[in-house]
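Visitor: Here you go, query-v3.json (JSON, C-alpha atoms and all ligand atoms):
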[["chain", "number", "residue", "atom", "x", "y", "z"],
["A", 1, "MET", "CA", -166.15, -162.39, 70.37],
["A", 2, "THR", "CA", -168.16, -159.62, 68.68],
["A", 3, "SER", "CA", -170.79, -160.87, 66.24],
["A", 4, "THR", "CA", -171.85, -159.08, 63.05],
["A", 5, "HIS", "CA", -175.29, -158.72, 64.64],
["A", 6, "GLN", "CA", -173.81, -156.50, 67.36],
["A", 7, "ASN", "CA", -171.25, -154.80, 65.15],
["A", 8, "PRO", "CA", -172.03, -154.26, 61.46],
["A", 9, "ALA", "CA", -168.38, -153.28, 60.77],
["A", 10, "ALA", "CA", -167.19, -156.77, 61.71],
["A", 11, "ALA", "CA", -166.65, -159.44, 59.06],
["A", 12, "PRO", "CA", -169.13, -162.29, 58.72],
["A", 13, "ALA", "CA", -167.55, -165.31, 60.45],
["A", 14, "HIS", "CA", -167.16, -167.32, 57.23],
["A", 15, "VAL", "CA", -165.18, -164.47, 55.61],
["A", 16, "ALA", "CA", -163.00, -163.78, 58.65],
["A", 17, "ARG", "CA", -161.73, -167.36, 58.78],
["A", 18, "ILE", "CA", -160.08, -167.19, 55.35],
["A", 19, "ARG", "CA", -156.68, -165.57, 55.78],
["A", 20, "THR", "CA", -154.77, -163.86, 52.98],
["A", 21, "PHE", "CA", -151.45, -164.40, 54.79],
["A", 22, "HIS", "CA", -149.18, -167.30, 55.71],
["A", 23, "PRO", "CA", -148.52, -167.75, 59.41],
["A", 24, "ARG", "CA", -144.74, -167.41, 59.64],
["A", 25, "ARG", "CA", -142.14, -166.89, 62.28],
["A", 26, "GLY", "CA", -139.03, -164.85, 61.98],
["A", 27, "ARG", "CA", -136.21, -163.83, 64.19],
["A", 28, "MET", "CA", -135.77, -160.21, 65.10],
["A", 29, "SER", "CA", -132.40, -158.53, 65.20],
["A", 30, "ASP", "CA", -131.48, -156.71, 68.42],
["A", 31, "ARG", "CA", -132.01, -153.45, 66.58],
["A", 32, "GLN", "CA", -135.53, -154.45, 65.48],
["A", 33, "ARG", "CA", -136.43, -155.69, 68.97],
["A", 34, "ASP", "CA", -135.24, -152.43, 70.45],
["A", 35, "ALA", "CA", -137.23, -150.38, 67.90],
["A", 36, "LEU", "CA", -140.35, -152.42, 68.62],
["A", 37, "THR", "CA", -140.03, -151.95, 72.38],
["A", 38, "ARG", "CA", -139.39, -148.23, 72.23],
["A", 39, "LEU", "CA", -141.57, -147.11, 69.30],
["A", 40, "TRP", "CA", -144.60, -149.39, 69.36],
["A", 41, "PRO", "CA", -146.39, -147.39, 72.11],
["A", 42, "ALA", "CA", -146.21, -144.19, 70.02],
["A", 43, "TYR", "CA", -146.55, -145.55, 66.47],
["A", 44, "GLY", "CA", -148.22, -148.95, 66.77],
["A", 45, "LEU", "CA", -151.84, -149.99, 66.48],
["A", 46, "GLU", "CA", -153.10, -153.43, 67.51],
["A", 47, "ILE", "CA", -156.00, -154.21, 65.19],
["A", 48, "ALA", "CA", -157.47, -156.74, 67.62],
["A", 49, "ASP", "CA", -157.93, -153.88, 70.14],
["A", 50, "LEU", "CA", -159.93, -151.67, 67.78],
["A", 51, "ASP", "CA", -163.42, -152.85, 68.64],
["A", 52, "GLY", "CA", -164.48, -152.30, 65.04],
["A", 53, "ARG", "CA", -163.66, -148.58, 64.73],
["A", 54, "CYS", "CA", -160.50, -146.72, 63.71],
["A", 55, "ASP", "CA", -160.34, -142.92, 63.57],
["A", 56, "PRO", "CA", -157.34, -141.94, 61.39],
["A", 57, "VAL", "CA", -157.31, -138.33, 62.61],
["A", 58, "ALA", "CA", -157.04, -139.50, 66.22],
["A", 59, "LEU", "CA", -154.36, -142.01, 65.23],
["A", 60, "PHE", "CA", -152.07, -139.34, 63.74],
["A", 61, "GLY", "CA", -153.25, -136.46, 65.91],
["A", 62, "ARG", "CA", -154.03, -134.30, 62.87],
["A", 63, "PRO", "CA", -155.86, -134.62, 59.53],
["A", 64, "ALA", "CA", -154.07, -135.32, 56.20],
["A", 65, "PRO", "CA", -154.75, -137.48, 53.15],
["A", 66, "LEU", "CA", -154.18, -141.09, 54.20],
["A", 67, "VAL", "CA", -152.40, -143.90, 52.31],
["A", 68, "LEU", "CA", -152.99, -147.47, 53.46],
["A", 69, "GLU", "CA", -150.12, -149.85, 52.71],
["A", 70, "ILE", "CA", -151.40, -153.43, 52.91],
["A", 71, "GLY", "CA", -148.76, -156.07, 53.64],
["A", 72, "SER", "CA", -145.86, -153.69, 54.16],
["A", 73, "GLY", "CA", -143.37, -156.56, 54.56],
["A", 74, "MET", "CA", -140.06, -155.20, 55.87],
["A", 75, "GLY", "CA", -141.36, -151.66, 55.42],
["A", 76, "ASP", "CA", -138.73, -150.34, 53.02],
["A", 77, "ALA", "CA", -141.29, -149.17, 50.43],
["A", 78, "THR", "CA", -143.49, -147.56, 53.09],
["A", 79, "ALA", "CA", -140.60, -145.69, 54.67],
["A", 80, "ALA", "CA", -139.24, -144.48, 51.32],
["A", 81, "MET", "CA", -142.64, -143.30, 50.07],
["A", 82, "ALA", "CA", -143.54, -141.63, 53.36],
["A", 83, "ALA", "CA", -140.19, -139.80, 53.38],
["A", 84, "ALA", "CA", -140.78, -138.55, 49.83],
["A", 85, "ASP", "CA", -144.40, -137.57, 50.51],
["A", 86, "PRO", "CA", -144.52, -135.73, 53.87],
["A", 87, "ASP", "CA", -147.93, -134.13, 53.28],
["A", 88, "ARG", "CA", -149.73, -137.47, 53.35],
["A", 89, "HIS", "CA", -150.05, -139.94, 56.22],
["A", 90, "TYR", "CA", -149.00, -143.58, 55.70],
["A", 91, "LEU", "CA", -150.70, -146.36, 57.64],
["A", 92, "ALA", "CA", -148.82, -149.64, 57.11],
["A", 93, "VAL", "CA", -150.45, -152.91, 58.05],
["A", 94, "GLU", "CA", -148.66, -156.22, 58.45],
["A", 95, "VAL", "CA", -148.98, -159.44, 60.46],
["A", 96, "HIS", "CA", -145.28, -160.26, 60.49],
["A", 97, "THR", "CA", -143.79, -158.76, 63.66],
["A", 98, "PRO", "CA", -140.12, -158.61, 62.48],
["A", 99, "GLY", "CA", -141.29, -156.61, 59.44],
["A", 100, "ILE", "CA", -143.24, -154.25, 61.71],
["A", 101, "ALA", "CA", -140.18, -153.84, 63.92],
["A", 102, "ASN", "CA", -138.00, -153.14, 60.89],
["A", 103, "LEU", "CA", -140.39, -150.43, 59.70],
["A", 104, "LEU", "CA", -140.39, -148.84, 63.16],
["A", 105, "ASP", "CA", -136.59, -148.78, 63.03],
["A", 106, "LEU", "CA", -136.74, -147.09, 59.60],
["A", 107, "VAL", "CA", -139.31, -144.58, 60.90],
["A", 108, "GLN", "CA", -136.89, -143.56, 63.61],
["A", 109, "ARG", "CA", -133.81, -143.53, 61.41],
["A", 110, "HIS", "CA", -135.53, -141.31, 58.82],
["A", 111, "GLY", "CA", -137.28, -139.17, 61.46],
["A", 112, "LEU", "CA", -140.73, -139.82, 59.95],
["A", 113, "ASP", "CA", -143.76, -138.44, 61.75],
["A", 114, "ASN", "CA", -146.27, -139.37, 59.03],
["A", 115, "VAL", "CA", -146.17, -143.17, 59.51],
["A", 116, "ARG", "CA", -148.16, -145.45, 61.80],
["A", 117, "VAL", "CA", -147.94, -149.25, 61.84],
["A", 118, "ALA", "CA", -150.88, -151.58, 62.44],
["A", 119, "ARG", "CA", -150.45, -155.23, 63.41],
["A", 120, "GLY", "CA", -153.08, -157.77, 62.40],
["A", 121, "ASP", "CA", -155.35, -158.57, 59.48],
["A", 122, "ALA", "CA", -155.54, -155.64, 57.07],
["A", 123, "LEU", "CA", -159.09, -156.55, 56.13],
["A", 124, "ASP", "CA", -160.23, -156.07, 59.74],
["A", 125, "LEU", "CA", -158.51, -152.69, 59.78],
["A", 126, "VAL", "CA", -160.16, -151.66, 56.50],
["A", 127, "ARG", "CA", -163.58, -152.62, 57.86],
["A", 128, "ALA", "CA", -162.89, -150.42, 60.89],
["A", 129, "LEU", "CA", -161.94, -147.35, 58.83],
["A", 130, "PRO", "CA", -164.65, -144.84, 57.88],
["A", 131, "GLU", "CA", -166.01, -144.98, 54.35],
["A", 132, "GLY", "CA", -164.20, -142.57, 52.04],
["A", 133, "SER", "CA", -161.33, -142.02, 54.50],
["A", 134, "LEU", "CA", -158.42, -143.14, 52.26],
["A", 135, "ASP", "CA", -156.59, -141.20, 49.60],
["A", 136, "ALA", "CA", -154.90, -144.37, 48.36],
["A", 137, "VAL", "CA", -154.58, -148.09, 49.02],
["A", 138, "HIS", "CA", -151.32, -149.85, 48.08],
["A", 139, "ALA", "CA", -151.18, -153.62, 47.71],
["A", 140, "PHE", "CA", -147.63, -154.26, 46.54],
["A", 141, "PHE", "CA", -146.70, -157.87, 45.86],
["A", 142, "PRO", "CA", -149.54, -159.46, 47.84],
["A", 143, "ASP", "CA", -149.05, -163.20, 48.42],
["A", 144, "PRO", "CA", -149.94, -164.79, 45.05],
["A", 145, "TRP", "CA", -151.46, -168.01, 46.40],
["A", 146, "PRO", "CA", -150.70, -169.77, 43.10],
["A", 147, "LYS", "CA", -152.61, -173.04, 43.67],
["A", 148, "ALA", "CA", -156.20, -172.90, 42.43],
["A", 149, "ARG", "CA", -157.54, -174.22, 45.72],
["A", 150, "HIS", "CA", -155.88, -171.26, 47.48],
["A", 151, "HIS", "CA", -157.22, -168.53, 45.19],
["A", 152, "LYS", "CA", -159.90, -167.80, 47.78],
["A", 153, "ARG", "CA", -157.08, -166.53, 50.00],
["A", 154, "ARG", "CA", -156.00, -163.83, 47.58],
["A", 155, "LEU", "CA", -156.20, -160.25, 48.73],
["A", 156, "ILE", "CA", -157.40, -159.01, 45.36],
["A", 157, "GLN", "CA", -160.76, -160.68, 44.80],
["A", 158, "PRO", "CA", -164.17, -159.09, 44.19],
["A", 159, "ALA", "CA", -165.47, -158.84, 47.79],
["A", 160, "HIS", "CA", -162.18, -157.43, 49.10],
["A", 161, "VAL", "CA", -161.94, -154.95, 46.22],
["A", 162, "ALA", "CA", -165.48, -153.70, 46.95],
["A", 163, "LEU", "CA", -164.48, -153.24, 50.60],
["A", 164, "LEU", "CA", -161.22, -151.42, 49.76],
["A", 165, "ARG", "CA", -162.94, -149.21, 47.21],
["A", 166, "SER", "CA", -165.65, -148.24, 49.74],
["A", 167, "ARG", "CA", -162.94, -146.80, 52.02],
["A", 168, "LEU", "CA", -161.39, -144.73, 49.23],
["A", 169, "ALA", "CA", -162.43, -141.12, 48.85],
["A", 170, "PRO", "CA", -163.98, -140.30, 45.45],
["A", 171, "GLY", "CA", -161.05, -140.14, 43.00],
["A", 172, "GLY", "CA", -158.83, -142.08, 45.44],
["A", 173, "THR", "CA", -156.32, -144.61, 44.11],
["A", 174, "LEU", "CA", -156.12, -148.38, 44.40],
["A", 175, "HIS", "CA", -152.59, -149.38, 43.33],
["A", 176, "CYS", "CA", -151.67, -153.07, 43.07],
["A", 177, "ALA", "CA", -148.42, -154.59, 41.86],
["A", 178, "THR", "CA", -147.45, -158.20, 41.32],
["A", 179, "ASP", "CA", -144.82, -160.33, 39.61],
["A", 180, "TRP", "CA", -147.20, -163.29, 39.23],
["A", 181, "ALA", "CA", -148.60, -163.11, 35.69],
["A", 182, "GLU", "CA", -151.71, -165.19, 36.30],
["A", 183, "TYR", "CA", -152.57, -163.20, 39.45],
["A", 184, "ALA", "CA", -151.97, -159.99, 37.48],
["A", 185, "GLU", "CA", -154.54, -161.09, 34.90],
["A", 186, "SER", "CA", -157.00, -162.06, 37.64],
["A", 187, "MET", "CA", -156.42, -158.65, 39.32],
["A", 188, "ARG", "CA", -157.03, -156.90, 36.03],
["A", 189, "GLU", "CA", -160.34, -158.75, 35.51],
["A", 190, "THR", "CA", -161.46, -158.16, 39.10],
["A", 191, "LEU", "CA", -160.62, -154.46, 39.14],
["A", 192, "THR", "CA", -162.12, -153.83, 35.70],
["A", 193, "ALA", "CA", -165.35, -155.59, 36.72],
["A", 194, "ASP", "CA", -165.91, -153.22, 39.66],
["A", 195, "PRO", "CA", -168.34, -150.61, 38.32],
["A", 196, "GLU", "CA", -167.20, -147.99, 40.85],
["A", 197, "LEU", "CA", -163.55, -148.10, 39.73],
["A", 198, "VAL", "CA", -162.16, -146.34, 36.69],
["A", 199, "ASP", "CA", -158.93, -147.31, 34.94],
["A", 200, "PRO", "CA", -157.11, -144.47, 33.19],
["A", 201, "HIS", "CA", -154.55, -146.93, 31.81],
["A", 202, "ASP", "CA", -157.02, -149.36, 30.27],
["A", 203, "GLY", "CA", -155.15, -152.39, 31.66],
["A", 204, "PHE", "CA", -151.66, -152.48, 33.10],
["A", 205, "ALA", "CA", -150.07, -149.16, 34.05],
["A", 206, "PRO", "CA", -146.51, -148.06, 33.34],
["A", 207, "ARG", "CA", -144.33, -148.60, 36.41],
["A", 208, "PRO", "CA", -144.66, -145.42, 38.47],
["A", 209, "ALA", "CA", -141.33, -143.95, 39.62],
["A", 210, "HIS", "CA", -142.71, -143.32, 43.12],
["A", 211, "ARG", "CA", -143.09, -147.06, 43.87],
["A", 212, "PRO", "CA", -139.76, -148.14, 45.42],
["A", 213, "VAL", "CA", -138.16, -151.43, 44.38],
["A", 214, "THR", "CA", -138.45, -153.94, 47.22],
["A", 215, "LYS", "CA", -136.80, -157.29, 47.88],
["A", 216, "PHE", "CA", -139.76, -159.07, 46.23],
["A", 217, "GLU", "CA", -139.47, -157.00, 43.08],
["A", 218, "ARG", "CA", -135.67, -157.44, 42.91],
["A", 219, "ARG", "CA", -136.08, -161.19, 43.27],
["A", 220, "ALA", "CA", -138.64, -161.25, 40.44],
["A", 221, "LEU", "CA", -136.47, -159.13, 38.19],
["A", 222, "THR", "CA", -133.47, -161.42, 38.83],
["A", 223, "ALA", "CA", -135.65, -164.36, 37.81],
["A", 224, "ASP", "CA", -136.75, -162.47, 34.65],
["A", 225, "ARG", "CA", -140.36, -162.22, 35.77],
["A", 226, "PRO", "CA", -142.10, -159.06, 34.53],
["A", 227, "ILE", "CA", -143.79, -156.74, 37.02],
["A", 228, "PHE", "CA", -147.41, -155.66, 36.57],
["A", 229, "ASP", "CA", -148.84, -152.44, 38.04],
["A", 230, "LEU", "CA", -152.57, -151.80, 38.16],
["A", 231, "ILE", "CA", -153.73, -148.31, 39.13],
["A", 232, "HIS", "CA", -157.46, -147.71, 39.41],
["A", 233, "HIS", "CA", -159.43, -144.83, 40.91],
["A", 234, "ARG", "CA", -162.72, -144.69, 42.74],
["A", 235, "ARG", "CA", -165.24, -143.02, 40.49],
["A", 236, "PRO", "CA", -165.35, -139.29, 41.43],
["A", 301, "LIG", "C1", -145.15, -161.10, 49.44],
["A", 301, "LIG", "S1", -145.08, -160.03, 50.82],
["A", 301, "LIG", "C2", -144.78, -158.41, 50.08],
["A", 301, "LIG", "C3", -144.27, -157.41, 51.07],
["A", 301, "LIG", "C4", -144.04, -155.98, 50.54],
["A", 301, "LIG", "N1", -145.28, -155.37, 50.07],
["A", 301, "LIG", "C5", -142.97, -155.92, 49.47],
["A", 301, "LIG", "O1", -143.30, -155.61, 48.32],
["A", 301, "LIG", "O2", -141.81, -156.18, 49.81],
["A", 301, "LIG", "C6", -146.78, -159.92, 51.28],
["A", 301, "LIG", "C7", -146.96, -159.45, 52.72],
["A", 301, "LIG", "O3", -148.33, -159.21, 52.96],
["A", 301, "LIG", "C8", -148.62, -159.59, 54.31],
["A", 301, "LIG", "N2", -150.06, -159.81, 54.36],
["A", 301, "LIG", "C9", -150.79, -160.65, 53.59],
["A", 301, "LIG", "N3", -152.08, -160.58, 53.90],
["A", 301, "LIG", "C10", -152.19, -159.66, 54.91],
["A", 301, "LIG", "C11", -153.27, -159.16, 55.66],
["A", 301, "LIG", "N4", -154.53, -159.59, 55.44],
["A", 301, "LIG", "N5", -153.02, -158.26, 56.60],
["A", 301, "LIG", "C12", -151.75, -157.83, 56.84],
["A", 301, "LIG", "N6", -150.69, -158.26, 56.15],
["A", 301, "LIG", "C13", -150.90, -159.18, 55.20],
["A", 301, "LIG", "C14", -147.76, -160.81, 54.52],
["A", 301, "LIG", "O4", -147.51, -161.03, 55.90],
["A", 301, "LIG", "C15", -146.49, -160.46, 53.76],
["A", 301, "LIG", "O5", -145.52, -159.84, 54.58]]
Represent the structure contained in this file as structure tokens.

Guide:
Amino acid sequence: MTSTHQNPAAAPAHVARIRTFHPRRGRMSDRQRDALTRLWPAYGLEIADLDGRCDPVALFGRPAPLVLEIGSGMGDATAAMAAADPDRHYLAVEVHTPGIANLLDLVQRHGLDNVRVARGDALDLVRALPEGSLDAVHAFFPDPWPKARHHKRRLIQPAHVALLRSRLAPGGTLHCATDWAEYAESMRETLTADPELVDPHDGFAPRPAHRPVTKFERRALTADRPIFDLIHHRRP
């Protein structure tokens, strides 16, 4: 295993052990399995194979502003946004293989050439990306980890926000959304406290039309839970 002494881009061991995701299984449909087999070699990226460095231009074969979609779930939001925004590249990252396979199926069905899919821990991928290489980071409905003893597993916490912000280009966007009110408030405090982020909305942002409604959002709306968007920018 690579140590931080050998590789400064790697996480310190005590940080790497805390996971922001639940280990979970899931069955794949035949269609998803087929998409994974056929499309992974061209569109997939195994984060464990990166050796601490990821070159986005090499990954897509050409330069373009890059959006990182953390925890893309089943990939519906990523596919819809990438289809509506062909001049930017979308790099989705997920640990859940059926979700990755579903996104690959959507990529093929919509004929998208501006999407790549990474499998593994998004924080390891972010560490491997060059500073200032991202036009936007999306964290839509990250796992809320509601119990206080699990708050350390939340994606949006000060150290992770500093890392994400460092990979944004000046003026780049960090867009978070959640249906968990207490997490929303914690996100607001964390993002506002980062001196290198600016908040044009001074708190929660109006729901942007370009963020597609996903299963998680529909479920929240059915249960009458409000949705909170937070849109901050790296200081220019
Ligand atoms: C609650 S789901 C939301 C999925 C999707 N964004 C949506 O709105 O439908 C959160 C997802 O984030 C993924 N996730 C959490 N932490 C992650 C990490 N560090 N790296 C990659 N994926 C992660 C989980 O596997 C899960 O699929």

Visitor: Excluding stretch 76-93 of chain A and any residue of its chain fewer than 4 positions from it, enumerate the residues within 8 Å of it, using all atoms listed in the file, and give them as a PyMOL selection string.

Guide: chain A and resi 60+64-72+103+106-107+110+112+114-122+210-214

Visitor: Please write out the residues within 7 Å of ligand LIG 301 (chain A) as a PyMOL selection string, counting all atoms listed in the file.

Guide: chain A and resi 19-22+70-74+93-96+120-123+139-143+155+214-217

Visitor: Could you give me, as CSV, a per-residue list for stretch 120-193 of chain A showing, wherever an atom lies at most 10 Å from an atom of stretch 198-208 of chain A, the closest pair of atoms and their distance in Å to one decimal, using all atoms listed in the file and sorting by chain then residue number from low to high?

Guide:
residue,atom,partner,partner_atom,distance
A:Gly171,CA,A:Val198,CA,8.9
A:Thr173,CA,A:Val198,CA,9.6
A:Leu174,CA,A:Asp199,CA,9.9
A:His175,CA,A:Ala205,CA,9.6
A:Cys176,CA,A:Ala205,CA,10.0
A:Ala177,CA,A:Arg207,CA,9.1
A:Ala184,CA,A:Phe204,CA,8.7
A:Glu185,CA,A:Phe204,CA,9.3
A:Met187,CA,A:Phe204,CA,10.0
A:Arg188,CA,A:Gly203,CA,6.6
A:Glu189,CA,A:Gly203,CA,9.1
A:Leu191,CA,A:Asp199,CA,8.5
A:Thr192,CA,A:Asp199,CA,7.3
A:Ala193,CA,A:Val198,CA,9.8

Visitor: Have a look at atom CA of A:Ala162 and atom CA of A:Asp194 and let me know their distance in Å, one decimal.

Guide: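 Answer for the atom CA of A:Ala162 to atom CA of A:Asp194 separation: 7.3 Å.
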
Visitor: For stretch 190-201 of chain A, what centre and edge lengths in Å (one decimal) does the axis-aligned box get once 5 Å is added on each side of all its listed atoms, as JSON?

Guide:
{"center_x": -161.4, "center_y": -151.3, "center_z": 36.3, "size_x": 23.8, "size_y": 23.7, "size_z": 19.0}

Visitor: Restricting the calculation to only C-alpha atoms, which member of A:Ala128, A:Leu104, A:Cys54, A:Ala148 is positioned closest to A:Arg31?

Guide: A:Leu104

Visitor: Kindly indicate which residue among A:Ile227, A:Arg234, A:Trp145, A:Thr97 lies nearest to A:Ala181, using only C-alpha atoms for the distances.

Guide: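 Residue with the minimum atom-to-atom distance to A:Ala181: A:Ile227.
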
Visitor: Which residue is closest to A:Arg235? Choose from A:Arg218, A:His151, A:Arg25, A:Arg165 and count all atoms listed in the file.

Guide: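 Among the listed residues, the smallest separation from A:Arg235 belongs to A:Arg165.
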
Visitor: With distances taken over only C-alpha atoms, which of A:Gly132, A:Gly44, A:Pro144, A:Gly52 is nearest to A:Ile100?

Guide: A:Gly44

Visitor: Using all atoms listed in the file, determine which residues lie at most 9 Å from A:Leu129, disregarding the query and same-chain residues fewer than 6 positions distant; provide the list as a list in words.

Guide: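 Residues near the query, excluding close chain neighbours: Ala9, Gly52, Arg53, Cys54, Asp55, Pro56 and Arg167 of chain A.
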
Visitor: May I ask for the distance between atom CA of A:Thr190 and atom CA of A:His233, given in Å to one decimal place?

Guide: 13.6 Å

Visitor: Looking at A:Ser186, A:Thr222, A:Thr37, A:Ser166, which one is nearest to A:Glu131, with distances taken over all atoms listed in the file?

Guide: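 Using all atoms listed in the file, the shortest distance to A:Glu131 belongs to A:Ser166.
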
Visitor: Please, what distance in Å, to one decimal, runs between atom CA of A:Leu59 and atom CA of A:Met28?

Guide: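 So the two atoms, atom CA of A:Leu59 and atom CA of A:Met28, lie 26.0 Å apart.
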
Visitor: Which polymer residues have any atom within 6 Å of an atom of A:Leu168, counting only C-alpha atoms, with same-chain residues fewer than 5 positions away left out, as a list in words?

Guide: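 Skipping anything fewer than 5 positions along the chain leaves Gly132, Ser133, Leu134 and Asp135 of chain A.
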
Visitor: Of the residues A:Arg225, A:Arg24, A:Arg154, A:Arg149, which is the one nearest to A:Trp180, using all atoms listed in the file?

Guide: A:Arg225

Visitor: Rebuild N, CA and C atoms on stretch 129-149 of chain A, as a PDB file, keeping the file's coordinate frame?

Guide:
ATOM      1  N   LEU A 129    -162.157-148.733  59.287  1.00  0.00           N
ATOM      2  CA  LEU A 129    -161.940-147.350  58.830  1.00  0.00           C
ATOM      3  C   LEU A 129    -163.240-146.755  58.294  1.00  0.00           C
ATOM      4  N   PRO A 130    -163.421-145.450  58.424  1.00  0.00           N
ATOM      5  CA  PRO A 130    -164.650-144.840  57.880  1.00  0.00           C
ATOM      6  C   PRO A 130    -164.676-144.919  56.354  1.00  0.00           C
ATOM      7  N   GLU A 131    -165.868-145.022  55.814  1.00  0.00           N
ATOM      8  CA  GLU A 131    -166.010-144.980  54.350  1.00  0.00           C
ATOM      9  C   GLU A 131    -165.413-143.691  53.820  1.00  0.00           C
ATOM     10  N   GLY A 132    -164.745-143.755  52.691  1.00  0.00           N
ATOM     11  CA  GLY A 132    -164.200-142.570  52.040  1.00  0.00           C
ATOM     12  C   GLY A 132    -163.024-141.938  52.744  1.00  0.00           C
ATOM     13  N   SER A 133    -162.388-142.654  53.683  1.00  0.00           N
ATOM     14  CA  SER A 133    -161.330-142.020  54.500  1.00  0.00           C
ATOM     15  C   SER A 133    -159.934-142.149  53.896  1.00  0.00           C
ATOM     16  N   LEU A 134    -159.767-142.874  52.787  1.00  0.00           N
ATOM     17  CA  LEU A 134    -158.420-143.140  52.260  1.00  0.00           C
ATOM     18  C   LEU A 134    -158.175-142.404  50.948  1.00  0.00           C
ATOM     19  N   ASP A 135    -157.003-141.822  50.857  1.00  0.00           N
ATOM     20  CA  ASP A 135    -156.590-141.200  49.600  1.00  0.00           C
ATOM     21  C   ASP A 135    -156.058-142.273  48.644  1.00  0.00           C
ATOM     22  N   ALA A 136    -155.435-143.295  49.199  1.00  0.00           N
ATOM     23  CA  ALA A 136    -154.900-144.370  48.360  1.00  0.00           C
ATOM     24  C   ALA A 136    -154.769-145.658  49.170  1.00  0.00           C
ATOM     25  N   VAL A 137    -154.886-146.768  48.461  1.00  0.00           N
ATOM     26  CA  VAL A 137    -154.580-148.090  49.020  1.00  0.00           C
ATOM     27  C   VAL A 137    -153.479-148.688  48.158  1.00  0.00           C
ATOM     28  N   HIS A 138    -152.398-149.166  48.800  1.00  0.00           N
ATOM     29  CA  HIS A 138    -151.320-149.850  48.080  1.00  0.00           C
ATOM     30  C   HIS A 138    -151.330-151.320  48.472  1.00  0.00           C
ATOM     31  N   ALA A 139    -151.336-152.175  47.485  1.00  0.00           N
ATOM     32  CA  ALA A 139    -151.180-153.620  47.710  1.00  0.00           C
ATOM     33  C   ALA A 139    -150.041-154.064  46.807  1.00  0.00           C
ATOM     34  N   PHE A 140    -148.821-153.971  47.334  1.00  0.00           N
ATOM     35  CA  PHE A 140    -147.630-154.260  46.540  1.00  0.00           C
ATOM     36  C   PHE A 140    -147.151-155.684  46.815  1.00  0.00           C
ATOM     37  N   PHE A 141    -147.148-156.483  45.792  1.00  0.00           N
ATOM     38  CA  PHE A 141    -146.700-157.870  45.860  1.00  0.00           C
ATOM     39  C   PHE A 141    -147.443-158.659  46.940  1.00  0.00           C
ATOM     40  N   PRO A 142    -148.784-158.627  46.896  1.00  0.00           N
ATOM     41  CA  PRO A 142    -149.540-159.460  47.840  1.00  0.00           C
ATOM     42  C   PRO A 142    -149.241-160.937  47.563  1.00  0.00           C
ATOM     43  N   ASP A 143    -149.344-161.768  48.598  1.00  0.00           N
ATOM     44  CA  ASP A 143    -149.050-163.200  48.420  1.00  0.00           C
ATOM     45  C   ASP A 143    -149.863-163.732  47.244  1.00  0.00           C
ATOM     46  N   PRO A 144    -149.215-164.419  46.278  1.00  0.00           N
ATOM     47  CA  PRO A 144    -149.940-164.790  45.050  1.00  0.00           C
ATOM     48  C   PRO A 144    -150.857-166.000  45.200  1.00  0.00           C
ATOM     49  N   TRP A 145    -150.651-166.806  46.229  1.00  0.00           N
ATOM     50  CA  TRP A 145    -151.460-168.010  46.400  1.00  0.00           C
ATOM     51  C   TRP A 145    -151.688-168.697  45.047  1.00  0.00           C
ATOM     52  N   PRO A 146    -150.623-169.276  44.479  1.00  0.00           N
ATOM     53  CA  PRO A 146    -150.700-169.770  43.100  1.00  0.00           C
ATOM     54  C   PRO A 146    -151.613-170.991  42.881  1.00  0.00           C
ATOM     55  N   LYS A 147    -151.783-171.846  43.896  1.00  0.00           N
ATOM     56  CA  LYS A 147    -152.610-173.040  43.670  1.00  0.00           C
ATOM     57  C   LYS A 147    -154.079-172.653  43.579  1.00  0.00           C
ATOM     58  N   ALA A 148    -154.795-173.266  42.656  1.00  0.00           N
ATOM     59  CA  ALA A 148    -156.200-172.900  42.430  1.00  0.00           C
ATOM     60  C   ALA A 148    -157.022-173.036  43.713  1.00  0.00           C
ATOM     61  N   ARG A 149    -156.720-174.039  44.507  1.00  0.00           N
ATOM     62  CA  ARG A 149    -157.540-174.220  45.720  1.00  0.00           C
ATOM     63  C   ARG A 149    -157.268-173.134  46.771  1.00  0.00           C
TER      64      ARG A 149
END
